[in-house]
file target-v1.pdb (PDB, C-alpha atoms and all ligand atoms)
ATOM      1  CA  MET A  98      -5.470  55.868  23.060
ATOM      2  CA  LYS A  99      -3.015  56.922  20.381
ATOM      3  CA  CYS A 100      -0.453  54.374  19.158
ATOM      4  CA  PRO A 101       3.103  55.597  19.720
ATOM      5  CA  GLN A 102       4.234  53.694  16.627
ATOM      6  CA  CYS A 103       1.784  54.593  13.892
ATOM      7  CA  GLY A 104      -0.414  57.164  15.505
ATOM      8  CA  HIS A 105      -3.622  55.158  15.126
ATOM      9  CA  GLU A 106      -6.295  56.042  17.622
ATOM     10  CA  ASN A 107      -7.195  52.841  19.494
ATOM     11  CA  ASN A 108      -9.836  52.011  22.029
ATOM     12  CA  GLU A 109      -8.743  52.796  25.570
ATOM     13  CA  LYS A 110      -8.998  49.118  26.637
ATOM     14  CA  ARG A 111      -6.793  47.769  23.867
ATOM     15  CA  ARG A 112      -3.358  46.472  24.851
ATOM     16  CA  TYR A 113      -2.052  46.323  21.295
ATOM     17  CA  CYS A 114      -2.540  48.693  18.376
ATOM     18  CA  GLU A 115      -5.345  47.715  16.049
ATOM     19  CA  GLU A 116      -3.334  48.898  13.064
ATOM     20  CA  CYS A 117       0.279  47.808  13.609
ATOM     21  CA  GLY A 118       0.218  45.529  16.645
ATOM     22  CA  GLU A 119       2.412  47.827  18.731
ATOM     23  CA  TYR A 120       2.130  47.331  22.494
ATOM     24  CA  LEU A 121       0.100  50.130  23.996
ATOM     25  CA  PHE A 122       1.348  51.173  27.402
ATOM     26  CA  PRO A 123      -1.064  52.602  29.886
ATOM     27  CA  GLU A 124      -0.346  56.353  29.970
ATOM     28  CA  GLU A 125       1.019  56.347  33.516
ATOM     29  CA  GLU A 126       3.454  53.483  32.783
ATOM     30  CA  TYR A 127       4.608  54.883  29.508
ATOM     31  CA  ASP A 128       6.351  57.877  30.977
ATOM     32  CA  LYS A 129       8.158  55.877  33.675
ATOM     33  CA  THR A 130       9.600  53.094  31.648
ATOM     34  CA  THR A 131      10.489  54.066  28.183
ATOM     35  CA  GLN A 132      13.453  52.156  26.853
ATOM     36  CA  ILE A 133      12.882  48.701  28.417
ATOM     37  CA  HIS A 134       9.219  48.709  27.571
ATOM     38  CA  HIS A 135       9.986  49.770  24.082
ATOM     39  CA  VAL A 136      12.349  46.819  23.618
ATOM     40  CA  GLU A 137       9.722  44.470  25.064
ATOM     41  CA  THR A 138       7.208  45.994  22.716
ATOM     42  CA  VAL A 139       9.429  45.448  19.738
ATOM     43  CA  VAL A 140       9.908  41.823  20.750
ATOM     44  CA  LYS A 141       6.177  41.283  21.251
ATOM     45  CA  SER A 142       5.183  43.076  18.092
ATOM     46  CA  ASP A 143       7.760  41.084  16.200
ATOM     47  CA  LYS A 144       5.925  37.819  16.798
ATOM     48  CA  LYS A 145       5.754  37.310  13.070
ATOM     49  CA  LYS A 146       9.475  37.930  12.723
ATOM     50  CA  VAL A 147      10.188  35.464  15.520
ATOM     51  CA  LEU A 148       7.953  32.893  13.895
ATOM     52  CA  LYS A 149       9.659  33.576  10.611
ATOM     53  CA  ARG A 150      13.065  33.102  12.219
ATOM     54  CA  PHE A 151      11.823  29.945  13.935
ATOM     55  CA  PHE A 152      10.614  28.471  10.689
ATOM     56  CA  THR A 153      13.717  29.632   8.916
ATOM     57  CA  ALA A 154      15.787  27.893  11.551
ATOM     58  CA  ILE A 155      13.711  24.722  11.185
ATOM     59  CA  ILE A 156      13.966  24.837   7.411
ATOM     60  CA  LEU A 157      17.671  25.567   7.599
ATOM     61  CA  THR A 158      18.147  22.662  10.010
ATOM     62  CA  PHE A 159      16.123  20.412   7.738
ATOM     63  CA  VAL A 160      18.047  21.499   4.663
ATOM     64  CA  LEU A 161      21.374  21.051   6.444
ATOM     65  CA  THR A 162      20.343  17.625   7.755
ATOM     66  CA  ALA A 163      19.076  16.593   4.347
ATOM     67  CA  GLY A 164      22.266  17.931   2.787
ATOM     68  CA  PHE A 165      24.333  16.027   5.300
ATOM     69  CA  PHE A 166      22.447  12.809   4.595
ATOM     70  CA  ILE A 167      22.659  13.334   0.849
ATOM     71  CA  TYR A 168      26.369  13.990   1.183
ATOM     72  CA  GLU A 169      26.775  10.909   3.367
ATOM     73  CA  MET A 170      24.752   8.792   0.969
ATOM     74  CA  TYR A 171      26.737  10.145  -1.944
ATOM     75  CA  GLY A 172      29.908   9.285  -0.055
ATOM     76  CA  LEU A 173      28.558   5.817   0.713
ATOM     77  CA  GLN A 174      27.574   5.363  -2.903
ATOM     78  CA  LYS A 175      31.018   6.461  -3.982
ATOM     79  CA  THR A 176      32.578   4.061  -1.498
ATOM     80  CA  HIS A 177      30.347   1.301  -2.821
ATOM     81  CA  GLU A 178      31.272   2.171  -6.380
ATOM     82  CA  GLN A 179      34.922   2.087  -5.381
ATOM     83  CA  GLU A 180      34.424  -1.276  -3.679
ATOM     84  CA  ILE A 181      32.600  -2.610  -6.724
ATOM     85  CA  LYS A 182      35.411  -1.365  -8.970
ATOM     86  CA  THR A 183      38.010  -3.025  -6.742
ATOM     87  CA  LEU A 184      36.012  -6.258  -6.718
ATOM     88  CA  GLU A 185      35.586  -6.143 -10.491
ATOM     89  CA  LYS A 186      39.324  -5.591 -10.855
ATOM     90  CA  GLU A 187      40.041  -8.560  -8.573
ATOM     91  CA  LYS A 188      37.539 -10.632 -10.517
ATOM     92  CA  LYS A 189      39.225  -9.737 -13.783
ATOM     93  CA  GLU A 190      42.632 -10.617 -12.362
ATOM     94  CA  LEU A 191      41.309 -13.975 -11.168
ATOM     95  CA  GLN A 192      39.707 -14.588 -14.565
ATOM     96  CA  ASP A 193      43.021 -13.787 -16.232
ATOM     97  CA  LYS A 194      44.814 -16.157 -13.885
ATOM     98  CA  ILE A 195      42.266 -18.887 -14.638
ATOM     99  CA  ASP A 196      42.639 -18.280 -18.372
ATOM    100  CA  THR A 197      46.431 -18.433 -18.130
ATOM    101  CA  GLN A 198      46.189 -21.669 -16.130
ATOM    102  CA  LYS A 199      43.752 -23.079 -18.686
ATOM    103  CA  ASN A 200      46.107 -22.207 -21.517
ATOM    104  CA  LYS A 201      48.985 -23.800 -19.614
ATOM    105  CA  ASN A 202      46.890 -26.921 -19.022
ATOM    106  CA  ASN A 203      45.976 -27.051 -22.688
ATOM    107  CA  GLU A 204      49.633 -26.716 -23.652
ATOM    108  CA  THR A 205      50.595 -29.447 -21.193
ATOM    109  CA  GLN A 206      47.812 -31.629 -22.575
ATOM    110  CA  LEU A 207      49.052 -30.991 -26.120
ATOM    111  CA  ASP A 208      52.586 -31.861 -25.051
ATOM    112  CA  LYS A 209      51.316 -35.033 -23.420
ATOM    113  CA  ASP A 210      49.308 -35.912 -26.499
ATOM    114  CA  GLU A 211      52.413 -35.451 -28.612
ATOM    115  CA  GLU A 212      54.433 -37.584 -26.204
ATOM    116  CA  ILE A 213      51.795 -40.318 -26.363
ATOM    117  CA  LEU A 214      51.792 -40.139 -30.175
ATOM    118  CA  GLU A 215      55.580 -40.342 -30.177
ATOM    119  CA  LEU A 216      55.546 -43.309 -27.789
ATOM    120  CA  THR A 217      52.856 -45.064 -29.829
ATOM    121  CA  LYS A 218      54.962 -44.521 -32.945
ATOM    122  CA  GLU A 219      58.041 -45.910 -31.182
ATOM    123  CA  THR A 220      56.070 -48.906 -29.905
ATOM    124  CA  LYS A 221      54.821 -49.587 -33.417
ATOM    125  CA  GLU A 222      58.328 -49.331 -34.813
ATOM    126  CA  GLN A 223      59.649 -51.636 -32.120
ATOM    127  CA  ALA A 224      56.834 -54.104 -32.768
ATOM    128  CA  GLU A 225      57.725 -54.032 -36.465
ATOM    129  CA  LYS A 226      61.392 -54.557 -35.607
ATOM    130  CA  ILE A 227      60.443 -57.479 -33.364
ATOM    131  CA  SER A 228      58.351 -59.092 -36.076
ATOM    132  CA  ASP A 229      61.208 -58.544 -38.530
ATOM    133  CA  LEU A 230      63.604 -60.180 -36.091
ATOM    134  CA  GLU A 231      61.167 -63.063 -35.538
ATOM    135  CA  GLU A 232      60.986 -63.557 -39.274
ATOM    136  CA  GLN A 233      64.754 -63.532 -39.498
ATOM    137  CA  ILE A 234      64.975 -66.023 -36.613
ATOM    138  CA  ALA A 235      62.425 -68.250 -38.305
ATOM    139  CA  GLN A 236      64.425 -68.119 -41.562
ATOM    140  CA  LEU A 237      67.648 -68.900 -39.691
ATOM    141  CA  GLU A 238      65.998 -71.847 -37.907
ATOM    142  CA  GLU A 239      64.779 -73.134 -41.249
ATOM    143  CA  GLN A 240      68.272 -72.839 -42.644
ATOM    144  CA  LEU A 241      69.670 -74.635 -39.570
ATOM    145  CA  ASN A 242      67.143 -77.440 -39.954
ATOM    146  CA  GLY A 243      68.091 -77.752 -43.603
ATOM    147  CA  MET A 244      71.788 -77.976 -42.704
ATOM    148  CA  ASP A 245      71.098 -80.620 -40.005
ATOM    149  CA  GLU A 246      69.139 -82.743 -42.485
ATOM    150  CA  GLN A 247      71.920 -82.473 -44.990
ATOM    151  CA  SER A 248      74.580 -83.499 -42.433
ATOM    152  CA  SER A 249      72.492 -86.464 -41.195
ATOM    153  CA  ASP A 250      71.907 -87.575 -44.809
ATOM    154  CA  GLU A 251      75.661 -87.603 -45.464
ATOM    155  CA  GLY A 252      76.167 -89.782 -42.301
ATOM    156  CA  THR A 253      79.553 -88.252 -41.462
ATOM    157  CA  GLN A 254      78.713 -87.046 -37.979
ATOM    158  CA  THR A 255      81.044 -87.401 -34.923
ATOM    159  CA  LYS A 256      79.923 -88.599 -31.464
ATOM    160  CA  LYS A 257      78.822 -85.096 -30.629
ATOM    161  CA  ASN A 258      77.039 -84.876 -33.924
ATOM    162  CA  GLU A 259      75.369 -88.220 -33.217
ATOM    163  CA  SER A 260      73.630 -86.795 -30.237
ATOM    164  CA  SER A 261      72.648 -83.728 -32.196
ATOM    165  CA  GLY A 262      71.511 -86.069 -34.944
ATOM    166  CA  GLU A 263      69.296 -87.835 -32.445
ATOM    167  CA  ASN A 264      67.958 -84.450 -31.475
ATOM    168  CA  THR A 265      67.338 -83.687 -35.112
ATOM    169  CA  SER A 266      65.454 -86.916 -35.633
ATOM    170  CA  THR A 267      63.376 -86.204 -32.571
ATOM    171  CA  LYS A 268      62.744 -82.774 -33.964
ATOM    172  CA  LYS A 269      61.886 -84.323 -37.287
ATOM    173  CA  LYS A 270      59.450 -86.704 -35.609
ATOM    174  CA  THR A 271      57.814 -83.832 -33.803
ATOM    175  CA  ASN A 272      57.625 -81.954 -37.074
ATOM    176  CA  GLU A 273      56.037 -84.974 -38.762
ATOM    177  CA  GLU A 274      53.582 -85.375 -35.942
ATOM    178  CA  ASN A 275      52.659 -81.765 -36.372
TER     179      ASN A 275
HETATM  180 ZN    ZN B   1      -0.140  51.487  15.788
END

call {"tool": "encode", "arguments": {"input": "target-v1.pdb", "output": "structure tokens", "more": "lines below"}}
Ligand SMILES: [Zn+2]
result
Amino acid sequence: MKCPQCGHENNEKRRYCEECGEYLFPEEEYDKTTQIHHVETVVKSDKKKVLKRFFTAIILTFVLTAGFFIYEMYGLQKTHEQEIKTLEKEKKELQDKIDTQKNKNNETQLDKDEEILELTKETKEQAEKISDLEEQIAQLEEQLNGMDEQSSDEGTQTKKNESSGENTSTKKKTNEEN
């Protein structure tokens, strides 16, 4: 049987051409149905093309899916990078705040230290003043004692002075005892 496609002479029993794979209609059928059978033949003989298309579709699907995932992952990565950047920025801001607070604390501490120094100085000065005053008081008391002794020696005291004289003698006694 002669192939209508390539003209190859095939065995009478063959359904497809040995050379090109074209569907071989039985002679009686061939005349009746031309167009439809031809289309069917094309489809059947294009098995390879169909397979090719099938694989192409699979590959295309795979590539598209992979592309989609890569795009998504890239987007996720970008989002993560953005989040990390935001977090780093927040961290820096917090660090700055902490540093500022630390500096403020240090300044406050310095101020306090200065205040304490100032107060210590004042306390010292006051203590010195007090000891000066105590010295002065002691000198004045000595002078007073001296004056009392003098007045009691002269023996010209009034009644009031008598009592103070008694006091003086008592004082004197205490002094002697000491
Ligand atoms: Zn053929």

call {"tool": "atom_distance", "arguments": {"input": "target-v1.pdb", "atom1": "atom CA of Lys226 of chain A", "atom2": "atom CA of Asp245 of chain A"}}
result
28.2 Å

call {"tool": "atom_distance", "arguments": {"input": "target-v1.pdb", "atom1": "atom CA of Leu157 of chain A", "atom2": "atom CA of Gly118 of chain A"}}
result
28.0 Å

call {"tool": "residues_near_ligand", "arguments": {"input": "target-v1.pdb", "ligand": "ligand ZN 1 (chain B)", "cutoff": "7 Å", "atoms": "only C-alpha atoms and all ligand atoms", "output": "list of chain:residue names"}}
result
A:Cys100, A:Pro101, A:Gln102, A:Cys103, A:Gly104, A:His105, A:Cys114, A:Glu115, A:Glu116, A:Cys117, A:Gly118, A:Glu119

call {"tool": "atom_distance", "arguments": {"input": "target-v1.pdb", "atom1": "atom CA of Lys99 of chain A", "atom2": "atom CA of Lys145 of chain A"}}
result
22.7 Å

call {"tool": "resolve_selection", "arguments": {"input": "target-v1.pdb", "expression": "the PyMOL selection byres (((chain A and resi 109) around 9) and not hetatm)", "output": "number ranges by chain"}}
result
A: 98-99, 106-108, 110-112, 123

call {"tool": "axis_aligned_box", "arguments": {"input": "target-v1.pdb", "around": "segment 175-192 of chain A", "padding_each_side": "6 Å", "output": "JSON"}}
result
{"center_x": 36.5, "center_y": -4.1, "center_z": -8.0, "size_x": 24.3, "size_y": 33.0, "size_z": 25.1}
